[in-house]
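Chemist: File name protein_10.tsv; file contents TSV, C-alpha atoms; full text below.
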```tsv
chain	number	residue	atom	x	y	z
A	1254	MET	CA	-23.29	15.91	8.56
A	1255	PRO	CA	-22.93	12.12	8.89
A	1256	THR	CA	-20.74	10.82	11.69
A	1257	TYR	CA	-18.40	7.85	11.95
A	1258	ALA	CA	-17.97	7.06	15.65
A	1259	VAL	CA	-15.53	4.61	17.22
A	1260	GLU	CA	-17.34	2.32	19.65
A	1261	GLN	CA	-14.66	-0.26	20.44
A	1262	LEU	CA	-10.88	-0.60	20.25
A	1263	ASP	CA	-9.08	-3.95	20.20
A	1264	THR	CA	-5.50	-5.20	20.00
A	1265	VAL	CA	-4.62	-7.38	17.00
A	1266	SER	CA	-2.05	-10.05	17.83
A	1267	ILE	CA	0.27	-12.31	15.83
A	1268	ALA	CA	1.04	-15.78	17.21
A	1269	ALA	CA	4.64	-16.45	18.19
A	1270	GLY	CA	6.81	-18.44	15.80
A	1271	SER	CA	5.95	-16.43	12.70
A	1272	PRO	CA	8.47	-15.30	10.05
A	1273	LEU	CA	7.98	-11.73	11.35
A	1274	ASP	CA	8.88	-12.48	14.98
A	1275	GLY	CA	10.66	-9.54	16.61
A	1276	MET	CA	9.73	-7.13	13.81
A	1277	ASP	CA	7.62	-4.00	13.91
A	1278	LEU	CA	4.23	-4.63	12.32
A	1279	MET	CA	2.19	-2.31	10.12
A	1280	SER	CA	-0.09	-2.14	7.04
A	1281	PRO	CA	-2.51	-4.91	8.13
A	1282	PHE	CA	-4.71	-5.67	5.11
A	1283	VAL	CA	-7.56	-7.86	6.37
A	1284	TRP	CA	-10.51	-9.39	4.49
A	1285	ARG	CA	-13.09	-12.18	4.94
A	1286	GLU	CA	-12.68	-15.40	2.98
A	1287	GLY	CA	-14.14	-18.85	3.45
A	1288	GLY	CA	-15.52	-18.16	6.92
A	1289	ARG	CA	-12.18	-16.86	8.19
A	1290	TYR	CA	-10.30	-13.59	8.28
A	1291	ARG	CA	-7.24	-13.41	6.02
A	1292	MET	CA	-4.38	-10.94	6.33
A	1293	LEU	CA	-1.35	-9.61	4.55
A	1294	VAL	CA	0.89	-7.63	6.89
A	1295	ARG	CA	4.22	-5.83	6.61
A	1296	GLY	CA	7.08	-6.55	8.97
A	1297	VAL	CA	10.09	-4.26	9.46
A	1298	PRO	CA	13.28	-5.30	11.29
A	1299	ASP	CA	13.72	-3.51	14.62
A	1300	PRO	CA	16.16	-1.85	14.68
A	1301	LEU	CA	16.33	-1.26	10.93
A	1302	GLY	CA	19.91	-1.74	9.76
A	1303	PRO	CA	21.43	-0.04	6.71
A	1304	HIS	CA	21.12	-3.22	4.66
A	1305	ASP	CA	17.80	-4.50	6.04
A	1306	PRO	CA	14.67	-4.46	3.86
A	1307	THR	CA	12.15	-1.74	4.65
A	1308	GLY	CA	9.46	-4.39	4.56
A	1309	LEU	CA	8.60	-8.06	4.16
A	1310	ILE	CA	4.99	-9.08	3.49
A	1311	ALA	CA	3.55	-12.16	5.21
A	1312	SER	CA	0.13	-13.82	4.97
A	1313	GLY	CA	-1.99	-15.24	7.74
A	1314	TRP	CA	-5.45	-16.13	9.03
A	1315	SER	CA	-7.73	-15.74	12.06
A	1316	ASP	CA	-11.06	-17.10	13.25
A	1317	ASP	CA	-12.04	-13.99	15.24
A	1318	GLY	CA	-10.35	-11.14	13.36
A	1319	LEU	CA	-8.02	-10.35	16.27
A	1320	ALA	CA	-5.69	-13.30	16.95
A	1321	PHE	CA	-3.82	-14.11	13.72
A	1322	THR	CA	-1.46	-16.94	12.81
A	1323	LEU	CA	0.99	-16.25	9.99
A	1324	ASP	CA	2.02	-18.74	7.35
A	1325	ASP	CA	5.52	-20.20	7.62
A	1326	THR	CA	6.93	-18.52	4.50
A	1327	ILE	CA	7.02	-14.88	3.39
A	1328	ALA	CA	4.38	-14.07	0.75
A	1329	ILE	CA	6.28	-11.20	-0.94
A	1330	ALA	CA	10.01	-10.65	-0.41
A	1331	PRO	CA	12.40	-8.05	-1.90
A	1332	GLY	CA	14.05	-8.84	-5.22
A	1333	ASP	CA	17.50	-10.43	-5.20
A	1334	ASP	CA	18.93	-8.18	-7.91
A	1335	PRO	CA	19.96	-4.67	-6.72
A	1336	ALA	CA	18.39	-3.36	-9.93
A	1337	ASP	CA	14.96	-4.73	-8.98
A	1338	ALA	CA	12.33	-2.08	-8.23
A	1339	ASP	CA	11.67	-3.72	-4.85
A	1340	ALA	CA	15.24	-4.66	-3.91
A	1341	GLY	CA	15.05	-2.35	-0.88
A	1342	GLY	CA	11.76	-3.57	0.53
A	1343	CYS	CA	8.12	-4.57	0.01
A	1344	GLU	CA	5.45	-2.48	1.74
A	1345	ASP	CA	1.73	-1.65	2.01
A	1346	PRO	CA	-0.13	-4.68	0.55
A	1347	THR	CA	-3.64	-4.32	-0.88
A	1348	VAL	CA	-5.57	-7.43	-1.98
A	1349	LEU	CA	-8.22	-7.97	-4.66
A	1350	ILE	CA	-9.58	-11.14	-6.23
A	1351	ASP	CA	-10.03	-11.00	-10.00
A	1352	GLY	CA	-12.61	-12.63	-12.25
A	1353	ASN	CA	-10.53	-15.82	-12.45
A	1354	GLY	CA	-10.43	-16.20	-8.68
A	1355	ASP	CA	-6.75	-15.27	-8.50
A	1356	TYR	CA	-5.30	-12.94	-5.90
A	1357	VAL	CA	-4.16	-9.55	-7.19
A	1358	VAL	CA	-1.85	-7.83	-4.70
A	1359	TYR	CA	-0.76	-4.23	-5.13
A	1360	TYR	CA	2.26	-3.33	-3.01
A	1361	THR	CA	4.95	-0.68	-2.76
A	1362	GLY	CA	8.37	-1.64	-4.04
A	1363	VAL	CA	11.32	0.32	-2.63
A	1364	ASP	CA	14.56	0.51	-4.61
A	1365	ALA	CA	17.91	-0.63	-3.24
A	1366	ALA	CA	18.90	2.95	-2.34
A	1367	ARG	CA	15.64	3.50	-0.45
A	1368	SER	CA	15.13	6.63	-2.53
A	1369	GLN	CA	12.06	5.78	-4.59
A	1370	GLY	CA	8.87	3.77	-4.29
A	1371	VAL	CA	6.72	2.42	-7.11
A	1372	MET	CA	3.46	0.47	-7.26
A	1373	ILE	CA	3.93	-3.19	-8.22
A	1374	VAL	CA	1.33	-5.91	-8.76
A	1375	ALA	CA	1.75	-9.60	-7.93
A	1376	THR	CA	-0.79	-12.29	-8.82
A	1377	GLY	CA	-1.38	-15.95	-8.14
A	1378	PRO	CA	-3.96	-18.61	-7.26
A	1379	THR	CA	-2.72	-18.68	-3.64
A	1380	LEU	CA	-0.94	-16.24	-1.36
A	1381	GLN	CA	2.01	-18.65	-1.26
A	1382	SER	CA	2.41	-18.67	-5.07
A	1383	LEU	CA	2.31	-14.96	-5.91
A	1384	LYS	CA	4.34	-13.92	-8.94
A	1385	LYS	CA	5.46	-10.34	-9.44
A	1386	GLN	CA	4.07	-9.06	-12.72
A	1387	ARG	CA	5.02	-5.46	-13.43
A	1388	ILE	CA	5.23	-1.89	-12.18
A	1389	VAL	CA	1.69	-0.52	-12.50
A	1390	LEU	CA	2.36	3.07	-11.42
A	1391	ALA	CA	5.55	5.08	-11.13
A	1392	ALA	CA	5.97	8.73	-10.25
A	1393	PRO	CA	5.07	11.20	-13.00
A	1394	PRO	CA	7.16	14.39	-13.33
A	1395	GLY	CA	7.14	16.41	-10.10
A	1396	GLU	CA	5.99	13.54	-7.93
A	1397	GLY	CA	7.69	10.69	-6.13
A	1398	ASN	CA	7.36	7.68	-3.84
A	1399	ILE	CA	4.15	6.09	-5.09
A	1400	LYS	CA	2.71	3.95	-2.28
A	1401	GLU	CA	-0.37	2.91	-0.24
A	1402	ALA	CA	-2.71	1.58	-2.94
A	1403	THR	CA	-6.49	1.55	-2.53
A	1404	VAL	CA	-8.32	-0.01	-5.49
A	1405	VAL	CA	-12.10	0.26	-6.04
A	1406	ARG	CA	-14.58	-0.36	-8.85
A	1407	THR	CA	-17.23	2.20	-9.85
A	1408	PRO	CA	-20.87	1.34	-10.65
A	1409	ALA	CA	-20.00	1.85	-14.35
A	1410	GLY	CA	-17.51	-1.02	-14.13
A	1411	ASP	CA	-14.25	0.92	-14.45
A	1412	TRP	CA	-11.62	1.18	-11.72
A	1413	ARG	CA	-9.93	3.76	-9.53
A	1414	LEU	CA	-6.50	3.46	-7.91
A	1415	PHE	CA	-5.93	5.86	-5.02
A	1416	TYR	CA	-2.33	6.26	-3.88
A	1417	GLU	CA	0.04	8.42	-1.85
A	1418	TYR	CA	2.77	10.41	-3.56
A	1419	ALA	CA	5.45	12.92	-2.60
A	1420	ALA	CA	4.36	16.38	-3.73
A	1421	ALA	CA	6.47	18.68	-5.87
A	1422	GLU	CA	8.51	21.23	-3.95
A	1423	GLU	CA	6.21	24.13	-4.73
A	1424	GLN	CA	3.41	22.24	-2.98
A	1425	GLY	CA	5.43	21.79	0.17
A	1426	ILE	CA	8.85	20.22	0.60
A	1427	GLY	CA	8.52	16.69	1.94
A	1428	ALA	CA	4.73	16.75	1.83
A	1429	SER	CA	2.59	13.72	0.97
A	1430	ARG	CA	-0.61	13.94	-1.04
A	1431	VAL	CA	-3.34	11.57	-2.24
A	1432	GLY	CA	-3.56	10.96	-5.98
A	1433	VAL	CA	-5.97	8.87	-8.05
A	1434	ALA	CA	-5.75	7.07	-11.39
A	1435	SER	CA	-8.35	5.36	-13.56
A	1436	ALA	CA	-8.46	2.25	-15.76
A	1437	ALA	CA	-11.24	0.64	-17.80
A	1438	GLN	CA	-10.21	-2.87	-16.66
A	1439	LEU	CA	-8.31	-3.99	-13.60
A	1440	HIS	CA	-5.19	-5.03	-15.53
A	1441	ASP	CA	-5.18	-2.05	-17.92
A	1442	ARG	CA	-2.74	0.84	-17.77
A	1443	TRP	CA	-3.58	3.38	-15.07
A	1444	VAL	CA	-4.03	7.03	-16.08
A	1445	SER	CA	-3.59	9.69	-13.39
A	1446	LEU	CA	-6.47	12.11	-12.69
A	1447	ALA	CA	-6.73	15.29	-10.64
A	1448	ASP	CA	-6.13	14.84	-6.92
A	1449	PRO	CA	-9.37	13.82	-5.16
A	1450	PHE	CA	-9.09	16.13	-2.11
A	1451	PRO	CA	-6.61	18.68	-0.73
A	1452	ILE	CA	-4.98	19.44	2.60
A	1453	ARG	CA	-6.79	21.84	4.94
A	1454	THR	CA	-4.43	24.58	6.03
A	1455	ASP	CA	-6.28	25.29	9.30
A	1456	SER	CA	-6.81	21.70	10.42
A	1457	TRP	CA	-5.11	18.56	11.75
A	1458	ASP	CA	-4.39	17.41	8.15
A	1459	ASN	CA	-2.64	20.62	7.04
A	1460	TRP	CA	0.57	19.13	5.60
A	1461	HIS	CA	0.47	15.40	4.79
A	1462	LEU	CA	-2.23	13.22	3.27
A	1463	SER	CA	-2.07	9.49	2.65
A	1464	THR	CA	-4.47	6.96	1.21
A	1465	GLY	CA	-6.65	4.78	3.41
A	1466	PRO	CA	-9.17	2.00	2.80
A	1467	ILE	CA	-12.54	2.62	1.15
A	1468	CYS	CA	-15.77	0.89	2.16
A	1469	GLN	CA	-19.52	1.49	1.97
A	1470	LEU	CA	-22.43	0.81	4.28
A	1471	PRO	CA	-26.04	0.53	3.02
A	1472	GLY	CA	-27.53	3.98	2.48
A	1473	ALA	CA	-24.16	5.75	2.82
A	1474	ASP	CA	-21.71	7.17	0.30
A	1475	PRO	CA	-18.39	5.34	-0.21
A	1476	VAL	CA	-16.03	6.49	2.54
A	1477	MET	CA	-12.25	6.52	2.77
A	1478	PHE	CA	-10.59	6.41	6.17
A	1479	TYR	CA	-7.57	8.44	5.12
A	1480	ASN	CA	-4.41	9.39	6.96
A	1481	GLY	CA	-3.47	13.02	7.58
A	1482	ALA	CA	-0.72	14.80	9.46
A	1483	THR	CA	0.84	18.11	10.44
A	1484	LEU	CA	4.29	19.32	9.38
A	1485	ASP	CA	5.88	17.45	12.30
A	1486	ALA	CA	4.29	14.20	11.05
A	1487	ARG	CA	1.73	13.60	13.80
A	1488	TRP	CA	-0.51	11.23	11.85
A	1489	ARG	CA	-4.22	10.75	12.59
A	1490	ILE	CA	-7.06	8.94	10.81
A	1491	GLY	CA	-10.00	10.88	9.36
A	1492	TRP	CA	-12.77	10.24	6.86
A	1493	VAL	CA	-13.84	11.62	3.48
A	1494	SER	CA	-16.83	10.41	1.44
A	1495	PHE	CA	-17.37	10.37	-2.31
A	1496	SER	CA	-20.10	10.13	-4.90
A	1497	ALA	CA	-20.60	6.61	-6.29
A	1498	ASP	CA	-18.27	7.32	-9.24
A	1499	PHE	CA	-15.60	8.81	-6.93
A	1500	ALA	CA	-15.66	12.04	-8.95
A	1501	THR	CA	-16.92	14.31	-6.16
A	1502	VAL	CA	-16.28	14.67	-2.43
A	1503	THR	CA	-19.61	14.56	-0.57
A	1504	GLY	CA	-18.41	14.95	3.02
A	1505	ARG	CA	-15.33	15.18	5.22
A	1506	GLY	CA	-14.97	14.88	8.98
A	1507	LEU	CA	-13.88	17.98	10.87
A	1508	GLU	CA	-11.93	16.02	13.49
A	1509	PRO	CA	-9.95	12.77	13.35
A	1510	VAL	CA	-11.81	9.52	13.83
A	1511	ILE	CA	-8.80	8.00	15.61
A	1512	LEU	CA	-6.08	9.78	17.57
A	1513	PRO	CA	-3.19	7.65	18.80
A	1514	PRO	CA	-2.52	7.49	22.54
A	1515	PRO	CA	0.78	8.98	23.73
A	1516	PRO	CA	3.67	6.81	22.49
A	1517	VAL	CA	4.83	4.16	24.96
A	1518	GLU	CA	8.39	5.28	24.25
A	1519	ARG	CA	9.11	8.96	23.61
A	1520	SER	CA	11.45	7.99	20.77
A	1521	LYS	CA	8.62	6.26	18.86
A	1522	THR	CA	6.53	7.97	16.22
A	1523	ASP	CA	3.24	9.66	17.08
A	1524	ILE	CA	1.14	7.92	14.46
A	1525	ALA	CA	-2.10	6.07	13.81
A	1526	PHE	CA	-2.31	4.80	10.22
A	1527	ALA	CA	-5.33	3.13	8.59
A	1528	ALA	CA	-4.82	0.08	6.35
A	1529	SER	CA	-8.04	-1.88	5.69
A	1530	THR	CA	-11.71	-2.30	6.56
A	1531	VAL	CA	-14.16	-5.18	6.92
A	1532	VAL	CA	-17.90	-4.41	6.96
A	1533	GLU	CA	-19.72	-6.77	9.33
A	1534	ASP	CA	-22.79	-6.68	11.58
A	1535	GLY	CA	-23.76	-3.24	10.27
A	1536	MET	CA	-20.46	-1.74	11.44
A	1537	ILE	CA	-16.99	-1.10	10.05
A	1538	SER	CA	-13.95	-2.92	11.42
A	1539	LEU	CA	-11.00	-0.63	10.69
A	1540	TYR	CA	-7.57	-2.21	10.92
A	1541	TYR	CA	-4.68	0.16	11.55
A	1542	SER	CA	-1.21	0.43	13.10
A	1543	LEU	CA	0.12	2.46	16.02
A	1544	GLU	CA	3.65	3.88	16.24
A	1545	ASP	CA	4.56	1.93	13.07
A	1546	ARG	CA	4.96	-1.18	15.20
A	1547	THR	CA	1.71	-2.58	16.66
A	1548	LEU	CA	-1.67	-3.52	15.18
A	1549	ARG	CA	-5.16	-2.44	16.28
A	1550	ARG	CA	-8.80	-2.74	15.22
A	1551	ALA	CA	-11.49	-0.09	15.71
A	1552	ARG	CA	-15.20	-0.91	15.50
A	1553	ILE	CA	-16.90	2.10	13.90
A	1554	ARG	CA	-20.60	2.90	13.61
A	1555	TYR	CA	-22.11	5.18	10.97
A	1556	TYR	CA	-24.72	7.73	12.02
A	1557	ALA	CA	-26.63	9.38	9.17
```
Using the file provided, produce a representation of the structure as C-alpha cells.

Modeler:
Amino acid sequence: MPTYAVEQLDTVSIAAGSPLDGMDLMSPFVWREGGRYRMLVRGVPDPLGPHDPTGLIASGWSDDGLAFTLDDTIAIAPGDDPADADAGGCEDPTVLIDGNGDYVVYYTGVDAARSQGVMIVATGPTLQSLKKQRIVLAAPPGEGNIKEATVVRTPAGDWRLFYEYAAAEEQGIGASRVGVASAAQLHDRWVSLADPFPIRTDSWDNWHLSTGPICQLPGADPVMFYNGATLDARWRIGWVSFSADFATVTGRGLEPVILPPPPVERSKTDIAFAASTVVEDGMISLYYSLEDRTLRRARIRYYA
C-alpha cells in the first residue's frame, strides 16, 4: 500500500496587529499565487461569548508559507440581519479561481441561533471585494450542518463538492459524515451523491468523519487528507485516495497521518484538523489546526 509520511512539522504564525488578534485560529486555506502564498483563515473570539460570531474570515499573504501577514479588513463577515444564513458566523473557507480570474470562495454560514450550517459561495475579483452570492448546499432531509467544502474537477470536466454533514439519528446521534455532490459546471446546482467512504467501526475514525483537502502528486491517485474521530471527539488526520473520477476509493491509511500532541491546557480540545494543501518540491505541504486555536504545517512525502 502507498504511504504518506510526515517528514517535517512547522508552526504557522500570524503577524501582530491583524484583525484577528487575540482570537483562536483555524481552517487555514493556503494556496500559491503570484510568487507568494495566500491565505484565508478563520478567527474565533476567545472566550466565545453568547453573542459573538462563531467565525470571521480574514485574508493574508506570506513569502515563505509560514509567517503570514493579514490584510487590515475582514474578507467575509457575518450578515447584519438576524435572518441571514450566516448571521451567527462565517467558517471554513475554500478558495477556487474561475475561468474569469475571479475568486470563488465556499464557506460555512452559521445561523443566528447557531443551530444550522449551510454552504455559501462568495465571489469577486479580489479578496477584499467578495460579494455573497447564494446558498449552494443546504441539508437534505435527515442531514444537517453542511460545512467544510472541498471542491475538485474531474478529468471529464465536471465538478465534485465534498462536505461534512451531521448524520441522521439512526446512523449515530451527533455523528459527522462526509458527503459528496456533483455539478456539470462550477456555478451549477449541486446534486448529492452516495457518501464516498464510511466510518471504520474498529479504527481511530469509528464515529466522526469530516472533509479534508484533496491533492495529487505525479503518478499517484488523488488523495484526501480527511479528518476522523472517535465518539469522544478525539480528531486525527488520515488519508483516503480515489480514482481519477472520484467514483471509487483506491486506498486508505490504516493509521492517522497526524496525531496531535497532548493539549497544552487540559481544558482544550484534543484535535488536529486538516484544511488545505500546497504541492511543492515533490512533496505535500498540509496546513492544519491544533486544538482549534493554533496553525501548523506538515511536510508530507509520498512513497509508492

Chemist: Per residue of range 1347-1417 of chain A within 12 Å of range 1313-1320 of chain A, which atom pair is closest and at what distance in Å (one decimal), using all atoms listed in the file, listed by chain and increasing number, as a Markdown table?

Modeler:
```
| residue | atom | partner | partner_atom | distance |
| --- | --- | --- | --- | --- |
| A:Thr1379 | CA | A:Gly1313 | CA | 11.9 |
| A:Leu1380 | CA | A:Gly1313 | CA | 9.2 |
| A:Gln1381 | CA | A:Gly1313 | CA | 10.4 |
```

Chemist: Which residues, written as a list of chain:residue names, have at least one atom at most 9 Å from Ile1310 in chain A, with all atoms listed in the file counted and residues fewer than 3 positions away on the same chain left out?

Modeler: A:Leu1273, A:Leu1293, A:Val1294, A:Arg1295, A:Gly1296, A:Ile1327, A:Ala1328, A:Ile1329, A:Ala1330, A:Cys1343, A:Glu1344, A:Asp1345, A:Pro1346

Chemist: Which of these, A:Leu1262, A:Met1276, A:Met1254, A:Leu1470, has the shortest distance to Leu1539 in chain A once you count only C-alpha atoms?

Modeler: A:Leu1262

Chemist: Contacts of Asn1353 in chain A at 12 Å or less, counting all atoms listed in the file, minus same-chain residues fewer than 6 places along, as a ChimeraX atom specification?

Modeler: /A:1376-1378

Chemist: For each of A:Gly1287, A:Gly1504, A:Pro1466, A:Gly1370, take the minimum atom-to-atom distance to Thr1530 in chain A, counting all atoms listed in the file, then give the residue where this is smallest.

Modeler: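 Closest residue, counting all atoms listed in the file: A:Pro1466.
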
Chemist: Using all atoms listed in the file, determine which residues lie at most 12 Å from Val1297 in chain A, disregarding the query and same-chain residues fewer than 2 positions distant; provide the list as number ranges by chain.

Modeler: A: 1272-1280, 1294-1295, 1299-1302, 1305-1311, 1330, 1341-1345, 1545-1547
